[in-house]
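This report concerns only the one structure given below.
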Amino acid sequence: MDDLKKLYGEMLLLRHFDQQCMDLKKKDIIYSGYHPYEGQEGVAVGFCGALRGDDVLLSTHRPHCHAVAKGCTLEAVLTEMMGRVTGCSGGLGGAMQFLAPEDNFYCGSVVGSNVGLATGFAMAMKQNKTDSVCMCLFGDGASNHGTFHEGLNLAAIWNLPVVFVCENNQFAEAMPVEEFVSCERISARAKGYGLEEITVDANDVEEARRVAEEAIEKCRRGEGPVLIEAVTYRIKGHYVGDPEATYRDPKDVEAAREKEPLKRAKEKLLEAGVDEAELDAMQEAVVAKLARLETWALEQEFPTLEAAVDHVGIALENAPEVRGPQSLVL
Amino acid sequence: MDDLKKLYGEMLLLRHFDQQCMDLKKKDIIYSGYHPYEGQEGVAVGFCGALRGDDVLLSTHRPHCHAVAKGCTLEAVLTEMMGRVTGCSGGLGGAMQFLAPEDNFYCGSVVGSNVGLATGFAMAMKQNKTDSVCMCLFGDGASNHGTFHEGLNLAAIWNLPVVFVCENNQFAEAMPVEEFVSCERISARAKGYGLEEITVDANDVEEARRVAEEAIEKCRRGEGPVLIEAVTYRIKGHYVGDPEATYRDPKDVEAAREKEPLKRAKEKLLEAGVDEAELDAMQEAVVAKLARLETWALEQEFPTLEAAVDHVGIALENAPEVRGPQSLVL
Amino acid sequence: MPTVTFGEAIRQAYDEEMTRDKNVCLIGEDVGRWGSLYRSSRGLLEKFGPDQIKDTPISEAAIAGCGVGAAAMGMRPIVEIMYIDFISISMDQIVNHAAKWRQLSNGKVKLPMVFKTQGGAGRRNSSQHSQCLENWFVYVPGLITVMPSTPYDVKGLLKSAIRDDNPVVFIEHKSLYFDKGEVPEEEYLIPLGVADVKRVGEDLTIVATSWMVSFALKAAEQLQEEGISCEVIDPRTLWPLDKDTIIKSVRKTGRCMVVTEASAEGGWSGEVSSVVHEHCFSDLRSPVKRHCGMRTGIPYGPTLEMQCIPSAESIAGAARDLVAQEVTAAGAAL
Amino acid sequence: MPTVTFGEAIRQAYDEEMTRDKNVCLIGEDVGRWGSLYRSSRGLLEKFGPDQIKDTPISEAAIAGCGVGAAAMGMRPIVEIMYIDFISISMDQIVNHAAKWRQLSNGKVKLPMVFKTQGGAGRRNSSQHSQCLENWFVYVPGLITVMPSTPYDVKGLLKSAIRDDNPVVFIEHKSLYFDKGEVPEEEYLIPLGVADVKRVGEDLTIVATSWMVSFALKAAEQLQEEGISCEVIDPRTLWPLDKDTIIKSVRKTGRCMVVTEASAEGGWSGEVSSVVHEHCFSDLRSPVKRHCGMRTGIPYGPTLEMQCIPSAESIAGAARDLVAQEVTAAGAAL
Ligand SMILES: Cc1ncc(C[n+]2csc(CCOP(=O)(O)OP(=O)(O)O)c2C)c(N)n1
Ligand SMILES: Cc1ncc(C[n+]2csc(CCOP(=O)(O)OP(=O)(O)O)c2C)c(N)n1
Ligand SMILES: [Mg+2]
Ligand SMILES: [Mg+2]
C-alpha cells in the first residue's frame, strides 16, 4: 500500500495544483489559454512519474501536470504559467508552451507535432548508446494528425526508444473521440506500425504505472517503440468556461467522477485499512504547500522586452567564424 | 475468356504506350521526370478500368497508364507529356501533373497529397446524392505520409465513397517497402480506420478487377470507404536510368518478370486455348495504332506564354461584382 | 444602421451565403457544435445541418485537401484553420494544389474556395498562437489574400471571397472579433482588390492592415491635433493590391508609411514600400517608412506582446519623425 | 585550384564536417543509397554509415521534426527536403518549433540544424517541382536563410550553416548542381550574413541571388561592352541581410536593380528594394527596380519556363532602361 499511497499523494498534489491554476486563470493571473487536467492525474503520475531524470518527456498544450510529474519544480511551472522570469521558459512561453531542457521536459501548443519531434530525441539517445528513453504524450484528437502516423512509422522502422502515450480523455475540444477517431480503440492503430495493441485504464494509477514501467523497460532494452492508449476522462471543459452543453451530457461527467483516479485510489487505500485521517493530513499538507507557492509566485518579476530577442541576430560565442559582423547590428 | 482477352488487350496497350513514352523521354521529347509503369498494368486495368466515366480518379506522379485506363484519350495523355496544347492540361503540366476534368481524372507530383484531396471529391459526390465514387491511387511510399492517415480517417468517419488503392510496387524510389513501411502488409493499416484488411495480387488482372468492382459497388451503396493494397512490382527503375544497383538485385527483377501481369494473362489465355496468332495480331494492332499516334503527336503545337497566366488576375465572368477593376490590370 | 461585432458580421455573411447557395459549406475543427472558437458560426449547424457545417478531426492537411477536392467538384467550401499558425500544416494543399489547379487546367477547374483563418497577437497566447503569416500567401501566384479590419468590411469581403472562383486566403484578426461597428441590414458586397480610404488627409499616407488600421486611425486623430493630417488607407485585399488608390494618395501627400503587425523583414510591407517607390519616386519627400512589429516570436505575458507590435503611440511617433524629415534625392540634384 | 561541380562541393562540405564532428548527420529521402537526387551525398553512406547518413520514408513532417528533436539533444542534423515544393509539408516543424525553441528557452536550447533543400526552375519539372519559396523563411523570425550561387560559396556556406547554432534554411538551385567552379583544397568557411561582390562596377548595382547571379554576370559583361559598368552583389545569405555591402554599393552607383527568379510580389526583392530606398534615398537617381520572375506557376515544356524567369538578355535590357532613366525626386525640389 505504500506505493499506492505515494502515487495517491502525487495525484493529490496535481489535483490541487490544477485547481489552483484554474483559479489563477479566472483571476487573469494566468493569461493564455489554460487547459484543466482534472481527472487525468492517473496518466501524469502513472506515466510521466515513471521516467528517470535523464529521460525526455514531450508533452502537449495541457502540460502543467505532466511537467510536475516529470520533475519540473512547482515553482518553475507555476511561474511560467504566470509569465514570470522564474518560469521554465523565463515567462516567455505561458501555460501551453514551455521548454525546461534542464529537466528534459518540452511541450507545445500545436497538436500532434511532438510525435515527430520525439523521433529526433530518441534517435539521439539511441545513437549516444544511453539507455534513456523519450516519452511522448498526446491526445485522442492528436491521433488523427498526420504527424502521429509519420512519427510512429519512423520510430518503428528505426526501432527508437519512444514510449508513445495517447492520453485518451474522450474529447478533443468539443469532439467526442468516438465520432472523430475512426477505429474503436486508438490502440488498434498500433498494428499499422507493427506494434502491439496496448490499452490501459489510466484511472487505475497502479495499473498505469505498471504498464508505463514495462514499456519504458522495453525501450531501454532497445525493443521500442511502444504505443499505449491510456484511457481517462476530461472532467472539466476543454478550457475554463467552454460551452460544454454543446457536446456532452452533464450526466456523463457525473458518471466519470465516480471512476476518476483519485477517488479510486482513495477507496482502495481505505479498503486496505489506511487511516482516513492520514489521507486528510496529506491533503492539508498539499494545500499549505501550494498556498506558500502562490505567495512566492506572485512576487516574481515579469520579463522585459530584452528577453524577446531573435537569437538569429546574435553572433555565436562558440563559433564566431561562421558569422559575419553585421549579424551583430541587425 | 473474352473478359480476360479484353483485359489483356488493355494491358497490352499500356505496356506498349509506356515503352513508347520511355523512348520519347530518352529522345528528350518528354521533358520532365518520367516514371515508367512496366509490370504494374494489372493495377491500371484492373482498378482504374473498373470505373465509370462519372467516377473520379486521383492518380500520382506515375499517372499516364492510370489516365488512359480511366478514359483519357491517348492523344491527350501523350501530348500532355510532350508539352503540347492538345494535352490534358494544354501542355502546362507534363508527365507528372495534369488535370483532365472532362474525364474526371486528376494527378499530381506531390506524393501523398491526393489522399486528402480524395475526401473532398467524395464528399461532394455524397452530398450530391449521386452514386459516383472516387478512386484514389497512391504508392507504398505514400502510405507513410501524414496525409494518408488524415485522409483515411476523415473518409472513414464520414463514410465517404472512396476506393483507396495503395499500389504497392515494392519501392519508393530506392526505398524497399519492407524497410520503410513498419507493418508487414500495408493493408494492416486498415484496422486503424475501422476498415477491412484487403490485399490483392494485382498481377492477376482478373482478381484485381474483381476486387475493384466489389469495392466500387460497396462505395456506391454508401458503405465506403475501402482500402485495398494492390501488390505488384516496379520492373523498371524509378525513372529512366536511375542507379538501380544501389537498391536491388537484378535477380529480383528477373524473378518479377516471371510474375508480371501480361505474361500471366497471356499464359492463361493460351492455356484456355486462345490462338497465339490472335494475340500477336492484337499486339500488331496496338503497335500500329501507337505509331500513328506518335506521328500525329509530333505535329502538335506548344503552348505560348499567354497560357501561363495567374488566373487570380482575371476578373470574373460570372460574378464581376466581387472583383475590383484593378484586378484587370495587374 | 445596426451595430454588430466583427464575429457577428462573419456569421451574417455565412448565413446569407449559405442560404443563397447550398454549395457553400464550412469545414473545420469545432465550427459546428461550438460555432467556432470565437463563435462566428454559432447556431449555423442547427440552421444548415451537417451538409453545410462540417466539424472535422484535427487534420489540417486533410481538411484543406478536402476543400480543394470539393471545390473542384463545384462546391464552394470555406475551410477554417483555427489559428494561422496551424496553416503551416496545410501549406502543401494550399500552395501546390489550390494555387496551381486553375492554371494547370487552363482555367477549366475553378476553385471557388476560401481558406479562412485568424492570426495576430493581443490575446496573450504566445508565439505558437499569435503569428502574422499573411505574406506567405501574397508570395504564391494563384492566391488572393484578404485581411479585413472592420465588421462592415469583413462581411462584405467574406461574401465576395465566397463568390470568387479563385482560392482566397481570408485572414481575420483574433483581437478584432469583439470589436463593434455598423453593418447595414440590406445585402452588400465589397469587391476584392479594392482599398478603402479610411481617413482622408494631406501630409502623410499611412497604409495599414487588419488590427493596425484602428491604431493608425487613433494615431491620425492625435496627429490632427498637432496639425499633421494623415490619410489612412486600408488595402483590405493584400493581393491583388489596389495600387492605384495608394499611388494616388502618395502623389498627393508626398509621404508614406506602411504599418503592419508582422515584422518588416520579408513581409508584405516591403511589397507596398517597393510599389510606392517604383511609382511615386519623384513625388516622395522622403523614403517610405515601414513601421512594423519586432522581428521576434510573440512573447507571453500581460504586456510584453503589445510592446512587440505597433501601437497608436508608436505610429504617431514614427509619423512625426517622418513628416519632420526632408530628404534630398540625388535625382533632382542632377 | 581544383575545379569541381556544385554538387561535388556540397559532398565535400558534408564529408569534411562529418569527419570533424560525428554529431553531424544527414537525414532525408534517398540521401543514402542513392546519394541524393542530384548525387550530392554519393558515397557517404559507405563512408559514414547509417548513424550519420539516414535514409527516411516519405514523411517530410516527421523528418523535419526528427531533426528538431535531434538538434535539441546536441546533434547537428542536416534535414534534406528533396524539393522545396515539399517543404510546404514541414512548415509546422520549421516555423512553430525550430524557429521558436531557442527564444522559448531563453537561448538554453540551441538548434544547430540545417534544413537543406533545392528549388527553382530550369529542369522542366513544372509548377509543383520548380518553385522559389525562399521568402517564406526570410519572413519568419528565428531562421537564417542561405542561397548560394557557386561551388565555392556552397561549400563554405554549408560548412558554416552546419556549425551555426541556429536553424538555417539552406536553399540550393536545381539548375546549379552540374555547374563547375574552383574550390580550394584547403579548408575554408564563408561566414553567414556576408554578401559577396561578384563584380565591381560604377553605374548600377545589381543584387542577384542563386541561379540569377550567373545571368546577372553575363548581362554585366555584355553591358560593359556598351559602356555600362555594373556591380553585381550576391548577398548569399538572404537573412541576416548584409545591408552594409549593398548600401555602400548603391551610394557609389546611385542605381539599383534586384534580380530574383521568384516573382516580385510578396518576395524578398521587395525587402532589398525597401532597405535600399530607406538607406540610400538621397543617393538614388531613380527608384530601385525589381526584375523578377513572372507571377505564375512554372509551366512545363521545352522553352516556356525560361520565358517566365529573368535571362541574361532580359536583365541587360532592364539595366539599360534603368540607366537611361533619371527621375527627379520631390525632396530635392523643395
Ligand atoms: C494543429 C492544431 N490544430 C488545432 C489546435 C487547436 N486545439 C487545441 S487543443 C485541441 C484539442 C486537442 O485534443 P486532444 O489531442 O485529444 O488533447 P486534449 O485537449 O484532449 O488534451 C485543439 C483542436 C491546435 N492547438 N493545434
Ligand atoms: C511529398 C513528396 N516527397 C517526395 C517526393 C519525391 N518522390 C517522387 S516519387 C517518390 C517515391 C514514391 O513512392 P511510391 O509512393 O511508392 O510511388 P511509386 O513511385 O512507387 O509509384 C518520391 C519520394 C515527392 N514527389 N513528394
Ligand atoms: Mg483529448
Ligand atoms: Mg512504390
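If you're wondering about the labels, chains in the C-alpha cells are A, B, ... by order shown, residues count from 1 in each chain, ligands from 1 in order shown.
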
| message | Residues within 12 Å of Glu321 of chain B, please, as a PyMOL selection string. Count only C-alpha atoms; anything in the same chain fewer than 5 positions from it doesn't count. | response | (chain B and resi 315-316+327) or (chain C and resi 156-157+159-161+163-164+188-194)

Write a file of the selected residues as a short mmCIF file (atom, residue, chain, number, x, y, z; two decimals), in the first residue's frame, keeping all heavy atoms.
data_model
loop_
_atom_site.label_atom_id
_atom_site.label_comp_id
_atom_site.auth_asym_id
_atom_site.auth_seq_id
_atom_site.Cartn_x
_atom_site.Cartn_y
_atom_site.Cartn_z
N ALA B 315 -10.52 39.18 -64.07
CA ALA B 315 -11.83 39.48 -63.49
C ALA B 315 -12.77 38.34 -63.83
O ALA B 315 -12.57 37.59 -64.78
CB ALA B 315 -12.36 40.78 -64.06
N LEU B 316 -13.78 38.18 -63.03
CA LEU B 316 -14.65 37.03 -63.16
C LEU B 316 -15.78 37.29 -64.13
O LEU B 316 -16.43 38.32 -64.06
CB LEU B 316 -15.22 36.70 -61.80
CG LEU B 316 -14.15 36.41 -60.74
CD1 LEU B 316 -14.83 36.21 -59.41
CD2 LEU B 316 -13.34 35.20 -61.14
N SER B 327 -8.13 44.52 -60.79
CA SER B 327 -7.73 43.14 -60.98
C SER B 327 -7.53 42.88 -62.47
O SER B 327 -6.94 41.89 -62.86
CB SER B 327 -8.77 42.20 -60.39
OG SER B 327 -10.03 42.46 -60.94
N GLY C 156 -18.68 42.16 -46.03
CA GLY C 156 -18.74 42.37 -47.48
C GLY C 156 -17.64 41.63 -48.21
O GLY C 156 -17.83 41.12 -49.33
N LEU C 157 -16.47 41.56 -47.60
CA LEU C 157 -15.35 40.88 -48.25
C LEU C 157 -15.51 39.36 -48.20
O LEU C 157 -15.19 38.65 -49.15
CB LEU C 157 -14.03 41.28 -47.58
CG LEU C 157 -13.57 42.71 -47.85
CD1 LEU C 157 -12.49 43.13 -46.85
CD2 LEU C 157 -13.05 42.88 -49.28
N LYS C 159 -18.26 37.68 -48.16
CA LYS C 159 -19.27 37.31 -49.15
C LYS C 159 -18.65 37.28 -50.56
O LYS C 159 -18.90 36.36 -51.35
CB LYS C 159 -20.47 38.26 -49.09
CG LYS C 159 -21.38 37.99 -47.87
CD LYS C 159 -22.43 39.07 -47.66
CE LYS C 159 -23.44 39.17 -48.77
NZ LYS C 159 -24.56 38.20 -48.65
N SER C 160 -17.84 38.26 -50.85
CA SER C 160 -17.18 38.27 -52.17
C SER C 160 -16.19 37.12 -52.30
O SER C 160 -16.08 36.50 -53.36
CB SER C 160 -16.45 39.60 -52.39
OG SER C 160 -17.38 40.63 -52.56
N ALA C 161 -15.46 36.85 -51.22
CA ALA C 161 -14.49 35.76 -51.26
C ALA C 161 -15.19 34.44 -51.54
O ALA C 161 -14.71 33.60 -52.31
CB ALA C 161 -13.74 35.69 -49.93
N ARG C 163 -17.89 34.04 -53.18
CA ARG C 163 -18.40 34.02 -54.55
C ARG C 163 -17.30 34.01 -55.61
O ARG C 163 -17.56 33.78 -56.79
CB ARG C 163 -19.31 35.23 -54.80
CG ARG C 163 -20.55 35.17 -53.93
CD ARG C 163 -21.55 36.22 -54.36
NE ARG C 163 -22.54 36.42 -53.31
CZ ARG C 163 -23.57 37.24 -53.42
NH1 ARG C 163 -23.75 37.94 -54.53
NH2 ARG C 163 -24.44 37.37 -52.43
N ASP C 164 -16.09 34.31 -55.21
CA ASP C 164 -15.00 34.35 -56.18
C ASP C 164 -14.65 32.92 -56.61
O ASP C 164 -14.75 31.98 -55.83
CB ASP C 164 -13.77 35.03 -55.56
CG ASP C 164 -12.81 35.54 -56.61
OD1 ASP C 164 -12.15 34.72 -57.30
OD2 ASP C 164 -12.73 36.77 -56.78
N TYR C 188 -24.90 43.64 -49.13
CA TYR C 188 -23.88 44.36 -49.89
C TYR C 188 -22.67 43.46 -50.07
O TYR C 188 -22.47 42.50 -49.32
CB TYR C 188 -23.48 45.66 -49.16
CG TYR C 188 -22.79 45.42 -47.84
CD1 TYR C 188 -21.39 45.46 -47.74
CD2 TYR C 188 -23.53 45.12 -46.69
CE1 TYR C 188 -20.76 45.20 -46.51
CE2 TYR C 188 -22.90 44.87 -45.48
CZ TYR C 188 -21.52 44.91 -45.40
OH TYR C 188 -20.91 44.64 -44.20
N LEU C 189 -21.90 43.78 -51.08
CA LEU C 189 -20.64 43.09 -51.32
C LEU C 189 -19.54 44.13 -51.35
O LEU C 189 -19.77 45.27 -51.75
CB LEU C 189 -20.66 42.39 -52.68
CG LEU C 189 -21.61 41.22 -52.88
CD1 LEU C 189 -21.64 40.82 -54.36
CD2 LEU C 189 -21.18 40.03 -52.03
N ILE C 190 -18.35 43.75 -50.94
CA ILE C 190 -17.19 44.62 -51.15
C ILE C 190 -16.27 43.91 -52.12
O ILE C 190 -15.84 42.78 -51.84
CB ILE C 190 -16.45 44.91 -49.83
CG1 ILE C 190 -17.40 45.62 -48.86
CG2 ILE C 190 -15.19 45.73 -50.08
CD1 ILE C 190 -16.78 45.86 -47.49
N PRO C 191 -15.99 44.50 -53.26
CA PRO C 191 -15.16 43.78 -54.23
C PRO C 191 -13.76 43.52 -53.69
O PRO C 191 -13.19 44.34 -52.96
CB PRO C 191 -15.12 44.72 -55.44
CG PRO C 191 -15.59 46.04 -54.95
CD PRO C 191 -16.44 45.81 -53.75
N LEU C 192 -13.22 42.37 -54.03
CA LEU C 192 -11.84 42.05 -53.67
C LEU C 192 -10.91 42.93 -54.50
O LEU C 192 -11.22 43.28 -55.63
CB LEU C 192 -11.55 40.58 -53.96
CG LEU C 192 -12.52 39.57 -53.33
CD1 LEU C 192 -12.06 38.15 -53.65
CD2 LEU C 192 -12.62 39.77 -51.83
N GLY C 193 -9.82 43.32 -53.92
CA GLY C 193 -8.84 44.10 -54.67
C GLY C 193 -9.10 45.58 -54.68
O GLY C 193 -8.52 46.31 -55.48
N VAL C 194 -9.96 46.05 -53.80
CA VAL C 194 -10.24 47.48 -53.75
C VAL C 194 -9.93 48.00 -52.34
O VAL C 194 -10.48 47.51 -51.36
CB VAL C 194 -11.71 47.79 -54.11
CG1 VAL C 194 -12.00 49.28 -53.97
CG2 VAL C 194 -12.01 47.30 -55.52
#

| DSSP on the backbone: what in segment 72-143 of chain D comes out alpha helix (DSSP H), as a PyMOL selection string? | chain D and resi 72+91+99-104+135-138

| field | Check: which chain D residues lie within 7 Å of chain C using only C-alpha atoms, as a VMD selection string | value | chain D and resid 86 88 to 89 91 to 92 96 100 128 135 to 136 138 to 139 141 265 to 268 270 to 271 273 to 274 277 to 278 281 to 288 295 to 297 326 to 333

Resulting file, chosen residues, C-alpha atoms, as an mmCIF file, in the first residue's frame:
data_model
loop_
_atom_site.group_PDB
_atom_site.id
_atom_site.type_symbol
_atom_site.label_atom_id
_atom_site.label_comp_id
_atom_site.auth_asym_id
_atom_site.auth_seq_id
_atom_site.Cartn_x
_atom_site.Cartn_y
_atom_site.Cartn_z
ATOM 1 C CA PHE D 86 7.618 19.698 -50.374
ATOM 2 C CA SER D 88 5.312 23.076 -47.529
ATOM 3 C CA ILE D 89 4.720 19.838 -45.609
ATOM 4 C CA MET D 91 6.385 24.184 -42.264
ATOM 5 C CA ASP D 92 4.927 23.496 -38.827
ATOM 6 C CA ASN D 96 6.445 26.687 -34.961
ATOM 7 C CA LYS D 100 10.787 29.270 -31.830
ATOM 8 C CA GLN D 128 4.908 21.525 -58.398
ATOM 9 C CA ASN D 135 10.931 34.396 -48.761
ATOM 10 C CA TRP D 136 8.727 32.227 -46.561
ATOM 11 C CA VAL D 138 13.157 35.246 -44.511
ATOM 12 C CA TYR D 139 9.740 36.234 -43.155
ATOM 13 C CA PRO D 141 11.897 35.324 -37.044
ATOM 14 C CA GLU D 265 5.069 40.235 -55.331
ATOM 15 C CA GLY D 266 5.499 39.487 -51.666
ATOM 16 C CA GLY D 267 9.070 38.451 -52.335
ATOM 17 C CA TRP D 268 12.472 39.083 -50.871
ATOM 18 C CA GLY D 270 10.810 43.888 -52.018
ATOM 19 C CA GLU D 271 12.813 43.622 -48.831
ATOM 20 C CA SER D 273 14.288 47.334 -52.533
ATOM 21 C CA SER D 274 12.849 48.763 -49.313
ATOM 22 C CA HIS D 277 15.291 53.116 -50.520
ATOM 23 C CA GLU D 278 15.327 53.539 -46.761
ATOM 24 C CA PHE D 281 17.134 57.600 -50.924
ATOM 25 C CA SER D 282 19.183 60.693 -51.465
ATOM 26 C CA ASP D 283 21.803 58.752 -53.410
ATOM 27 C CA LEU D 284 19.380 57.232 -55.888
ATOM 28 C CA ARG D 285 18.992 58.653 -59.363
ATOM 29 C CA SER D 286 15.918 56.575 -59.950
ATOM 30 C CA PRO D 287 13.881 54.110 -57.918
ATOM 31 C CA VAL D 288 15.191 50.637 -57.300
ATOM 32 C CA ARG D 295 3.839 35.740 -61.233
ATOM 33 C CA THR D 296 2.757 32.294 -62.335
ATOM 34 C CA GLY D 297 3.215 28.619 -61.743
ATOM 35 C CA GLU D 326 16.694 59.874 -64.452
ATOM 36 C CA VAL D 327 13.879 60.546 -62.084
ATOM 37 C CA THR D 328 13.614 63.766 -60.179
ATOM 38 C CA ALA D 329 12.593 63.169 -56.625
ATOM 39 C CA ALA D 330 10.380 65.719 -54.957
ATOM 40 C CA GLY D 331 12.539 66.060 -51.881
ATOM 41 C CA ALA D 332 15.239 67.899 -53.788
ATOM 42 C CA ALA D 333 12.816 70.280 -55.384
#

| query | For chain B against chain D, which residues fall within 9 Å using only C-alpha atoms, given as a ChimeraX atom specification? | reply | /B:29-33,81-84,91-97,108-112,141-146,172-175,179-181,242-244,246-247,302-305,307-311

| message | Residues within 8 Å of Met11 of chain B, please, as JSON, numbers by chain. Count only C-alpha atoms; anything in the same chain fewer than 4 positions from it doesn't count. | response | {"B": [7, 15, 41, 42, 45, 262]}

With C-alpha atoms retained, could you export that selection as a short mmCIF file (atom, residue, chain, number, x, y, z; two decimals), in the first residue's frame?
data_model
loop_
_atom_site.label_atom_id
_atom_site.label_comp_id
_atom_site.auth_asym_id
_atom_site.auth_seq_id
_atom_site.Cartn_x
_atom_site.Cartn_y
_atom_site.Cartn_z
CA LEU B 7 -8.24 -7.01 -70.09
CA ARG B 15 2.66 -1.80 -71.94
CA GLU B 41 -0.56 -2.80 -65.72
CA GLY B 42 -2.73 -5.09 -63.61
CA VAL B 45 -6.51 -2.01 -65.98
CA LEU B 262 0.86 -9.56 -69.09
#

| task | Could you tell me which of A:Glu294, A:Glu229, A:Asp54, A:Glu301 comes closest to Pro101 of chain A if we count only C-alpha atoms? | result |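 Under the stated criterion, the closest residue is A:Asp54.
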
| request: Check the smallest atom-to-atom distance from each of C:Val4, C:Val259, C:Leu322, C:Met306 to Pro151 of chain C using only C-alpha atoms, then report the winner. | output: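 Going through C:Val4, C:Val259, C:Leu322, C:Met306 one by one, the smallest distance to Pro151 of chain C is for C:Val4.
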
| Test item: residues no farther than 9 Å from ligand 4, counting only C-alpha atoms and all ligand atoms, as a ChimeraX atom specification | /B:138-142,166-173,175-177,233-234,238

| request: Can you check which residues of chain A have any atom within 8 Å of chain B? Use only C-alpha atoms and format it as a PyMOL selection string. | output: chain A and resi 144-150+153-154+156-157+179-184+186+188-194

Selected residues written out with N, CA and C atoms, as a PDB file, in the first residue's frame:
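The file below, result.pdb, is the result:
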ATOM      1  N   ASN A 144      -5.378  11.726 -34.755  1.00  0.00           N
ATOM      2  CA  ASN A 144      -5.871  11.886 -36.124  1.00  0.00           C
ATOM      3  C   ASN A 144      -4.952  12.749 -36.973  1.00  0.00           C
ATOM      4  N   HIS A 145      -3.856  13.174 -36.399  1.00  0.00           N
ATOM      5  CA  HIS A 145      -2.984  14.084 -37.116  1.00  0.00           C
ATOM      6  C   HIS A 145      -1.946  13.322 -37.924  1.00  0.00           C
ATOM      7  N   GLY A 146      -1.582  13.897 -39.049  1.00  0.00           N
ATOM      8  CA  GLY A 146      -0.614  13.248 -39.917  1.00  0.00           C
ATOM      9  C   GLY A 146       0.708  12.942 -39.237  1.00  0.00           C
ATOM     10  N   THR A 147       1.143  13.824 -38.363  1.00  0.00           N
ATOM     11  CA  THR A 147       2.431  13.603 -37.706  1.00  0.00           C
ATOM     12  C   THR A 147       2.400  12.373 -36.808  1.00  0.00           C
ATOM     13  N   PHE A 148       1.242  12.053 -36.268  1.00  0.00           N
ATOM     14  CA  PHE A 148       1.111  10.825 -35.480  1.00  0.00           C
ATOM     15  C   PHE A 148       1.577   9.649 -36.343  1.00  0.00           C
ATOM     16  N   HIS A 149       1.030   9.590 -37.514  1.00  0.00           N
ATOM     17  CA  HIS A 149       1.322   8.486 -38.431  1.00  0.00           C
ATOM     18  C   HIS A 149       2.792   8.474 -38.846  1.00  0.00           C
ATOM     19  N   GLU A 150       3.277   9.604 -39.247  1.00  0.00           N
ATOM     20  CA  GLU A 150       4.665   9.676 -39.723  1.00  0.00           C
ATOM     21  C   GLU A 150       5.656   9.380 -38.604  1.00  0.00           C
ATOM     22  N   ASN A 153       5.555   5.640 -37.630  1.00  0.00           N
ATOM     23  CA  ASN A 153       6.219   4.806 -38.646  1.00  0.00           C
ATOM     24  C   ASN A 153       7.738   4.949 -38.563  1.00  0.00           C
ATOM     25  N   LEU A 154       8.188   6.195 -38.428  1.00  0.00           N
ATOM     26  CA  LEU A 154       9.633   6.429 -38.380  1.00  0.00           C
ATOM     27  C   LEU A 154      10.241   5.764 -37.142  1.00  0.00           C
ATOM     28  N   ALA A 156       9.117   3.283 -35.574  1.00  0.00           N
ATOM     29  CA  ALA A 156       9.023   1.821 -35.667  1.00  0.00           C
ATOM     30  C   ALA A 156      10.107   1.250 -36.586  1.00  0.00           C
ATOM     31  N   ILE A 157      10.308   1.881 -37.762  1.00  0.00           N
ATOM     32  CA  ILE A 157      11.318   1.287 -38.652  1.00  0.00           C
ATOM     33  C   ILE A 157      12.721   1.482 -38.101  1.00  0.00           C
ATOM     34  N   GLU A 179     -16.628   9.882 -32.362  1.00  0.00           N
ATOM     35  CA  GLU A 179     -17.085  10.423 -33.642  1.00  0.00           C
ATOM     36  C   GLU A 179     -15.943  10.813 -34.565  1.00  0.00           C
ATOM     37  N   PHE A 180     -14.795  11.077 -33.995  1.00  0.00           N
ATOM     38  CA  PHE A 180     -13.725  11.638 -34.812  1.00  0.00           C
ATOM     39  C   PHE A 180     -12.549  10.695 -35.044  1.00  0.00           C
ATOM     40  N   VAL A 181     -12.465   9.674 -34.230  1.00  0.00           N
ATOM     41  CA  VAL A 181     -11.436   8.654 -34.452  1.00  0.00           C
ATOM     42  C   VAL A 181     -12.138   7.453 -35.070  1.00  0.00           C
ATOM     43  N   SER A 182     -11.613   6.988 -36.200  1.00  0.00           N
ATOM     44  CA  SER A 182     -12.374   6.017 -36.990  1.00  0.00           C
ATOM     45  C   SER A 182     -12.250   4.571 -36.533  1.00  0.00           C
ATOM     46  N   CYS A 183     -11.442   4.312 -35.524  1.00  0.00           N
ATOM     47  CA  CYS A 183     -11.375   2.924 -35.053  1.00  0.00           C
ATOM     48  C   CYS A 183     -11.910   2.860 -33.627  1.00  0.00           C
ATOM     49  N   GLU A 184     -12.311   1.675 -33.232  1.00  0.00           N
ATOM     50  CA  GLU A 184     -12.971   1.532 -31.936  1.00  0.00           C
ATOM     51  C   GLU A 184     -12.019   1.937 -30.807  1.00  0.00           C
ATOM     52  N   ILE A 186      -8.127   3.405 -30.023  1.00  0.00           N
ATOM     53  CA  ILE A 186      -6.997   4.059 -30.684  1.00  0.00           C
ATOM     54  C   ILE A 186      -5.811   3.102 -30.780  1.00  0.00           C
ATOM     55  N   ALA A 188      -5.812   0.284 -31.718  1.00  0.00           N
ATOM     56  CA  ALA A 188      -5.909  -0.528 -32.940  1.00  0.00           C
ATOM     57  C   ALA A 188      -4.970   0.003 -34.023  1.00  0.00           C
ATOM     58  N   ARG A 189      -4.564   1.252 -33.876  1.00  0.00           N
ATOM     59  CA  ARG A 189      -3.649   1.814 -34.869  1.00  0.00           C
ATOM     60  C   ARG A 189      -2.239   1.227 -34.754  1.00  0.00           C
ATOM     61  N   ALA A 190      -1.943   0.619 -33.620  1.00  0.00           N
ATOM     62  CA  ALA A 190      -0.598   0.078 -33.394  1.00  0.00           C
ATOM     63  C   ALA A 190      -0.189  -0.910 -34.487  1.00  0.00           C
ATOM     64  N   LYS A 191      -1.138  -1.746 -34.890  1.00  0.00           N
ATOM     65  CA  LYS A 191      -0.839  -2.780 -35.879  1.00  0.00           C
ATOM     66  C   LYS A 191      -0.276  -2.206 -37.170  1.00  0.00           C
ATOM     67  N   GLY A 192      -0.731  -1.028 -37.516  1.00  0.00           N
ATOM     68  CA  GLY A 192      -0.250  -0.386 -38.734  1.00  0.00           C
ATOM     69  C   GLY A 192       1.221  -0.022 -38.669  1.00  0.00           C
ATOM     70  N   TYR A 193       1.813  -0.135 -37.488  1.00  0.00           N
ATOM     71  CA  TYR A 193       3.243   0.128 -37.325  1.00  0.00           C
ATOM     72  C   TYR A 193       3.967  -1.102 -36.813  1.00  0.00           C
ATOM     73  N   GLY A 194       3.295  -2.221 -36.913  1.00  0.00           N
ATOM     74  CA  GLY A 194       3.908  -3.466 -36.461  1.00  0.00           C
ATOM     75  C   GLY A 194       4.046  -3.541 -34.953  1.00  0.00           C
TER      76      GLY A 194
END

| task | Determine which residues of segment 29-261 of chain D DSSP labels as strand (DSSP E) from the backbone of this structure, then write them out as an MDAnalysis selection string. | result | chainID D and resid 53:55 76:81 114:119 144:146 168:173 180:182 196:199 204:208 230:234 237:239 256:261
